[in-house]
>>> print(open('coords.txt').read())   # compact mmCIF, N, CA and C atoms and all ligand atoms
# COMPACT_ATOMS: atom_id res chain seq x y z
N MET A 18 3.10 -1.55 4.17
CA MET A 18 4.32 -1.00 3.57
C MET A 18 3.95 0.02 2.50
N THR A 19 4.63 1.15 2.52
CA THR A 19 4.33 2.19 1.55
C THR A 19 5.30 2.10 0.38
N TYR A 20 5.00 2.81 -0.69
CA TYR A 20 5.92 2.79 -1.83
C TYR A 20 7.26 3.39 -1.46
N GLU A 21 7.26 4.30 -0.45
CA GLU A 21 8.54 4.87 0.01
C GLU A 21 9.42 3.78 0.62
N ASP A 22 8.79 2.86 1.38
CA ASP A 22 9.53 1.75 1.98
C ASP A 22 10.16 0.89 0.89
N VAL A 23 9.36 0.56 -0.12
CA VAL A 23 9.85 -0.30 -1.20
C VAL A 23 11.00 0.38 -1.93
N LYS A 24 10.84 1.69 -2.18
CA LYS A 24 11.88 2.45 -2.87
C LYS A 24 13.18 2.44 -2.07
N ARG A 25 13.04 2.65 -0.76
CA ARG A 25 14.22 2.71 0.10
C ARG A 25 14.95 1.37 0.11
N ILE A 26 14.19 0.29 0.22
CA ILE A 26 14.79 -1.05 0.22
C ILE A 26 15.43 -1.34 -1.13
N ARG A 27 14.75 -0.96 -2.18
CA ARG A 27 15.26 -1.20 -3.54
C ARG A 27 16.57 -0.44 -3.76
N GLU A 28 16.65 0.78 -3.27
CA GLU A 28 17.86 1.57 -3.46
C GLU A 28 19.05 1.00 -2.69
N ARG A 29 18.77 0.34 -1.57
CA ARG A 29 19.83 -0.26 -0.76
C ARG A 29 20.28 -1.62 -1.29
N THR A 30 19.47 -2.22 -2.14
CA THR A 30 19.76 -3.57 -2.61
C THR A 30 20.70 -3.54 -3.81
N THR A 31 21.86 -4.18 -3.66
CA THR A 31 22.79 -4.26 -4.78
C THR A 31 22.48 -5.51 -5.59
N ALA A 32 22.96 -5.57 -6.80
CA ALA A 32 22.71 -6.71 -7.67
C ALA A 32 23.22 -8.01 -7.05
N GLU A 33 24.34 -7.93 -6.32
CA GLU A 33 24.93 -9.13 -5.72
C GLU A 33 24.14 -9.60 -4.51
N ALA A 34 23.57 -8.66 -3.77
CA ALA A 34 22.93 -9.00 -2.51
C ALA A 34 21.42 -9.22 -2.64
N VAL A 35 20.92 -9.15 -3.87
CA VAL A 35 19.46 -9.17 -4.03
C VAL A 35 18.87 -10.53 -3.63
N ASP A 36 17.87 -10.47 -2.80
CA ASP A 36 17.08 -11.65 -2.45
C ASP A 36 15.84 -11.54 -3.33
N SER A 37 15.86 -12.24 -4.45
CA SER A 37 14.83 -12.01 -5.47
C SER A 37 13.44 -12.36 -4.96
N ARG A 38 13.35 -13.37 -4.08
CA ARG A 38 12.03 -13.74 -3.57
C ARG A 38 11.46 -12.63 -2.68
N ALA A 39 12.32 -12.07 -1.81
CA ALA A 39 11.88 -10.99 -0.93
C ALA A 39 11.52 -9.76 -1.75
N LEU A 40 12.34 -9.48 -2.76
CA LEU A 40 12.09 -8.31 -3.62
C LEU A 40 10.78 -8.48 -4.38
N ALA A 41 10.54 -9.70 -4.89
CA ALA A 41 9.30 -9.97 -5.62
C ALA A 41 8.10 -9.76 -4.70
N LYS A 42 8.24 -10.15 -3.42
CA LYS A 42 7.15 -9.99 -2.46
C LYS A 42 6.85 -8.51 -2.24
N LEU A 43 7.93 -7.70 -2.12
CA LEU A 43 7.76 -6.26 -1.93
C LEU A 43 7.05 -5.64 -3.12
N ILE A 44 7.48 -6.05 -4.31
CA ILE A 44 6.88 -5.50 -5.54
C ILE A 44 5.41 -5.90 -5.61
N ASP A 45 5.13 -7.17 -5.30
CA ASP A 45 3.73 -7.65 -5.33
C ASP A 45 2.86 -6.83 -4.37
N GLU A 46 3.39 -6.61 -3.16
CA GLU A 46 2.64 -5.83 -2.17
C GLU A 46 2.38 -4.42 -2.66
N ALA A 47 3.44 -3.81 -3.24
CA ALA A 47 3.32 -2.42 -3.70
C ALA A 47 2.32 -2.32 -4.85
N VAL A 48 2.39 -3.27 -5.79
CA VAL A 48 1.49 -3.26 -6.94
C VAL A 48 0.05 -3.50 -6.47
N GLU A 49 -0.11 -4.45 -5.54
CA GLU A 49 -1.44 -4.78 -5.02
C GLU A 49 -2.10 -3.55 -4.41
N LYS A 50 -1.29 -2.72 -3.75
CA LYS A 50 -1.83 -1.53 -3.09
C LYS A 50 -2.20 -0.43 -4.07
N GLN A 51 -1.77 -0.56 -5.33
CA GLN A 51 -2.17 0.41 -6.35
C GLN A 51 -3.56 0.11 -6.90
N ILE A 52 -4.06 -1.07 -6.59
CA ILE A 52 -5.40 -1.42 -7.03
C ILE A 52 -6.37 -0.91 -5.96
N PRO A 53 -7.21 0.08 -6.31
CA PRO A 53 -8.08 0.69 -5.29
C PRO A 53 -8.99 -0.35 -4.64
N LYS A 54 -9.07 -0.28 -3.33
CA LYS A 54 -10.00 -1.15 -2.59
C LYS A 54 -11.08 -0.27 -1.98
N LYS A 55 -12.27 -0.83 -1.93
CA LYS A 55 -13.41 -0.08 -1.39
C LYS A 55 -13.20 0.26 0.08
N VAL A 56 -13.45 1.53 0.39
CA VAL A 56 -13.32 2.00 1.77
C VAL A 56 -14.46 1.43 2.60
N ILE A 57 -14.14 0.99 3.81
CA ILE A 57 -15.17 0.53 4.74
C ILE A 57 -15.75 1.79 5.40
N THR A 58 -17.07 1.99 5.29
CA THR A 58 -17.64 3.29 5.64
C THR A 58 -18.41 3.29 6.96
N LYS A 59 -18.47 2.16 7.66
CA LYS A 59 -19.25 2.16 8.90
C LYS A 59 -18.44 1.66 10.08
N PRO A 60 -18.50 2.38 11.23
CA PRO A 60 -19.17 3.66 11.43
C PRO A 60 -18.28 4.84 11.00
N ILE A 61 -16.97 4.59 10.79
CA ILE A 61 -16.07 5.63 10.27
C ILE A 61 -15.35 5.06 9.06
N TYR A 62 -14.64 5.91 8.31
CA TYR A 62 -13.95 5.44 7.11
C TYR A 62 -12.69 4.68 7.49
N ILE A 63 -12.63 3.42 7.06
CA ILE A 63 -11.58 2.50 7.48
C ILE A 63 -10.86 1.92 6.27
N CYS A 64 -9.53 1.82 6.37
CA CYS A 64 -8.74 1.19 5.32
C CYS A 64 -9.03 -0.31 5.30
N PRO A 65 -9.37 -0.86 4.11
CA PRO A 65 -9.66 -2.30 4.03
C PRO A 65 -8.41 -3.16 4.18
N ASN A 66 -7.23 -2.53 4.08
CA ASN A 66 -5.99 -3.30 4.18
C ASN A 66 -5.46 -3.36 5.61
N CYS A 67 -5.41 -2.20 6.31
CA CYS A 67 -4.77 -2.20 7.63
C CYS A 67 -5.73 -1.82 8.76
N GLY A 68 -6.93 -1.37 8.41
CA GLY A 68 -7.90 -1.02 9.46
C GLY A 68 -7.72 0.38 10.01
N GLY A 69 -6.77 1.16 9.43
CA GLY A 69 -6.55 2.53 9.88
C GLY A 69 -7.67 3.45 9.42
N ARG A 70 -7.86 4.55 10.14
CA ARG A 70 -8.88 5.52 9.76
C ARG A 70 -8.37 6.31 8.55
N VAL A 71 -9.19 6.43 7.52
CA VAL A 71 -8.74 7.08 6.28
C VAL A 71 -9.63 8.24 5.88
N GLU A 72 -9.00 9.22 5.18
CA GLU A 72 -9.73 10.39 4.69
C GLU A 72 -9.33 10.75 3.27
N TYR A 73 -8.29 10.13 2.74
CA TYR A 73 -7.73 10.56 1.46
C TYR A 73 -7.75 9.45 0.42
N LEU A 74 -7.14 9.73 -0.74
CA LEU A 74 -7.12 8.77 -1.85
C LEU A 74 -6.25 7.56 -1.50
N TYR A 75 -5.22 7.78 -0.65
CA TYR A 75 -4.37 6.69 -0.20
C TYR A 75 -4.43 6.63 1.32
N CYS A 76 -4.27 5.43 1.86
CA CYS A 76 -4.19 5.27 3.31
C CYS A 76 -2.86 5.85 3.78
N LEU A 77 -2.91 6.72 4.79
CA LEU A 77 -1.68 7.34 5.30
C LEU A 77 -0.85 6.34 6.11
N PHE A 78 -1.45 5.25 6.52
CA PHE A 78 -0.75 4.29 7.37
C PHE A 78 -0.02 3.22 6.56
N CYS A 79 -0.68 2.67 5.53
CA CYS A 79 -0.07 1.55 4.80
C CYS A 79 0.11 1.83 3.32
N GLY A 80 -0.43 2.93 2.80
CA GLY A 80 -0.24 3.25 1.38
C GLY A 80 -1.25 2.64 0.44
N GLN A 81 -2.24 1.93 0.99
CA GLN A 81 -3.28 1.34 0.14
C GLN A 81 -4.03 2.41 -0.62
N LYS A 82 -4.16 2.23 -1.95
CA LYS A 82 -5.00 3.12 -2.74
C LYS A 82 -6.46 2.77 -2.46
N LEU A 83 -7.29 3.80 -2.32
CA LEU A 83 -8.67 3.56 -1.88
C LEU A 83 -9.69 3.91 -2.93
N ASP A 84 -10.73 3.11 -2.97
CA ASP A 84 -11.86 3.34 -3.86
C ASP A 84 -13.00 3.91 -3.02
N TRP A 85 -13.30 5.18 -3.26
CA TRP A 85 -14.33 5.87 -2.48
C TRP A 85 -15.69 5.84 -3.17
N GLY A 86 -15.78 5.07 -4.25
CA GLY A 86 -17.06 5.03 -4.97
C GLY A 86 -17.37 6.41 -5.51
N HIS A 87 -18.56 6.92 -5.20
CA HIS A 87 -18.96 8.23 -5.72
C HIS A 87 -18.69 9.36 -4.74
N LYS A 88 -18.15 9.02 -3.55
CA LYS A 88 -18.03 10.02 -2.51
C LYS A 88 -17.06 11.15 -2.86
N VAL A 89 -15.89 10.79 -3.47
CA VAL A 89 -14.85 11.81 -3.71
C VAL A 89 -14.78 12.13 -5.20
ZN ZN B 101 -4.12 1.13 5.38
>>> encode(input="coords.txt", output="structure tokens")
Amino acid sequence: MTYEDVKRIRERTTAEAVDSRALAKLIDEAVEKQIPKKVITKPIYICPNCGGRVEYLYCLFCGQKLDWGHKV
């Protein structure tokens, strides 16, 4: 889930309809993804969260922030 997904869900959620447990889970997931995780570098660069091929600071598939060590 990307931060755009969380934002979209948050904007649709009214105070009356809020499922606080589900919302807390979304927030936890979003915050967790802001903590850079080390990129898996063999044999290609792989997101440690979703297994997608990555080239940038964030995974384009799941939004995970990536720790490239000294590479970037
Ligand atoms: Zn990913």
>>> closest_atom_pairs(input="coords.txt", of="chain A", to="ligand ZN 101 (chain B)", cutoff="10 Å", atoms="only C-alpha atoms and all ligand atoms", output="CSV")
residue,atom,partner,partner_atom,distance
A:Met18,CA,B:ZN101,ZN,8.9
A:Thr19,CA,B:ZN101,ZN,9.3
A:Lys50,CA,B:ZN101,ZN,9.2
A:Val56,CA,B:ZN101,ZN,9.9
A:Ile63,CA,B:ZN101,ZN,7.9
A:Cys64,CA,B:ZN101,ZN,4.6
A:Pro65,CA,B:ZN101,ZN,6.7
A:Asn66,CA,B:ZN101,ZN,5.0
A:Cys67,CA,B:ZN101,ZN,4.1
A:Gly68,CA,B:ZN101,ZN,6.0
A:Gly69,CA,B:ZN101,ZN,5.3
A:Arg70,CA,B:ZN101,ZN,7.8
A:Val71,CA,B:ZN101,ZN,7.6
A:Tyr75,CA,B:ZN101,ZN,7.9
A:Cys76,CA,B:ZN101,ZN,4.6
A:Leu77,CA,B:ZN101,ZN,6.7
A:Phe78,CA,B:ZN101,ZN,5.0
A:Cys79,CA,B:ZN101,ZN,4.1
A:Gly80,CA,B:ZN101,ZN,6.0
A:Gln81,CA,B:ZN101,ZN,5.3
A:Lys82,CA,B:ZN101,ZN,8.4
A:Leu83,CA,B:ZN101,ZN,8.9
>>> select_by_dssp(input="coords.txt", residues="chain A", states="strand (DSSP E or B)", output="tab-separated table (two decimals) with N, CA and C atoms, in the coordinates of the input")
chain	number	residue	atom	x	y	z
A	54	LYS	N	-9.07	-0.28	-3.33
A	54	LYS	CA	-10.00	-1.15	-2.59
A	54	LYS	C	-11.08	-0.27	-1.98
A	55	LYS	N	-12.27	-0.83	-1.93
A	55	LYS	CA	-13.41	-0.08	-1.39
A	55	LYS	C	-13.20	0.26	0.08
A	57	ILE	N	-14.14	0.99	3.81
A	57	ILE	CA	-15.17	0.53	4.74
A	57	ILE	C	-15.75	1.79	5.40
A	63	ILE	N	-12.63	3.42	7.06
A	63	ILE	CA	-11.58	2.50	7.48
A	63	ILE	C	-10.86	1.92	6.27
A	70	ARG	N	-7.86	4.55	10.14
A	70	ARG	CA	-8.88	5.52	9.76
A	70	ARG	C	-8.37	6.31	8.55
A	75	TYR	N	-5.22	7.78	-0.65
A	75	TYR	CA	-4.37	6.69	-0.20
A	75	TYR	C	-4.43	6.63	1.32
A	82	LYS	N	-4.16	2.23	-1.95
A	82	LYS	CA	-5.00	3.12	-2.74
A	82	LYS	C	-6.46	2.77	-2.46
A	83	LEU	N	-7.29	3.80	-2.32
A	83	LEU	CA	-8.67	3.56	-1.88
A	83	LEU	C	-9.69	3.91	-2.93
A	84	ASP	N	-10.73	3.11	-2.97
A	84	ASP	CA	-11.86	3.34	-3.86
A	84	ASP	C	-13.00	3.91	-3.02
>>> atom_distance(input="coords.txt", atom1="atom N of Glu46 (chain A)", atom2="atom N of Val23 (chain A)")
9.8 Å
>>> axis_aligned_box(input="coords.txt", around="region 21-27 of chain A", padding_each_side="6 Å", output="AutoDock Vina command-line options")
--center_x 11.9 --center_y 1.8 --center_z -0.9 --size_x 21.3 --size_y 18.2 --size_z 17.7
>>> residues_around(input="coords.txt", residues="Trp85 (chain A)", least_positions_apart="6", cutoff="8 Å", atoms="only N, CA and C atoms", output="list of chain:residue names")
A:Pro53, A:Lys54, A:Lys55, A:Val56, A:Ile57, A:Tyr73, A:Leu74
>>> atom_distance(input="coords.txt", atom1="CA of Asp22 (chain A)", atom2="CA of Tyr62 (chain A)")
24.3 Å
>>> select_by_dssp(input="coords.txt", residues="chain A", states="alpha helix (DSSP H)", output="list in words")
Tyr20, Glu21, Asp22, Val23, Lys24, Arg25, Ile26, Arg27, Glu28, Arg29, Ser37, Arg38, Ala39, Leu40, Ala41, Lys42, Leu43, Ile44, Asp45, Glu46, Ala47, Val48 and Glu49 of chain A
>>> atom_distance(input="coords.txt", atom1="atom C of Leu43 (chain A)", atom2="atom C of Arg25 (chain A)")
11.0 Å
>>> closest_residue(input="coords.txt", among="A:Glu28, A:Asp84, A:Glu21, A:Asp45", to="Thr58 (chain A)", atoms="only C-alpha atoms")
A:Asp84
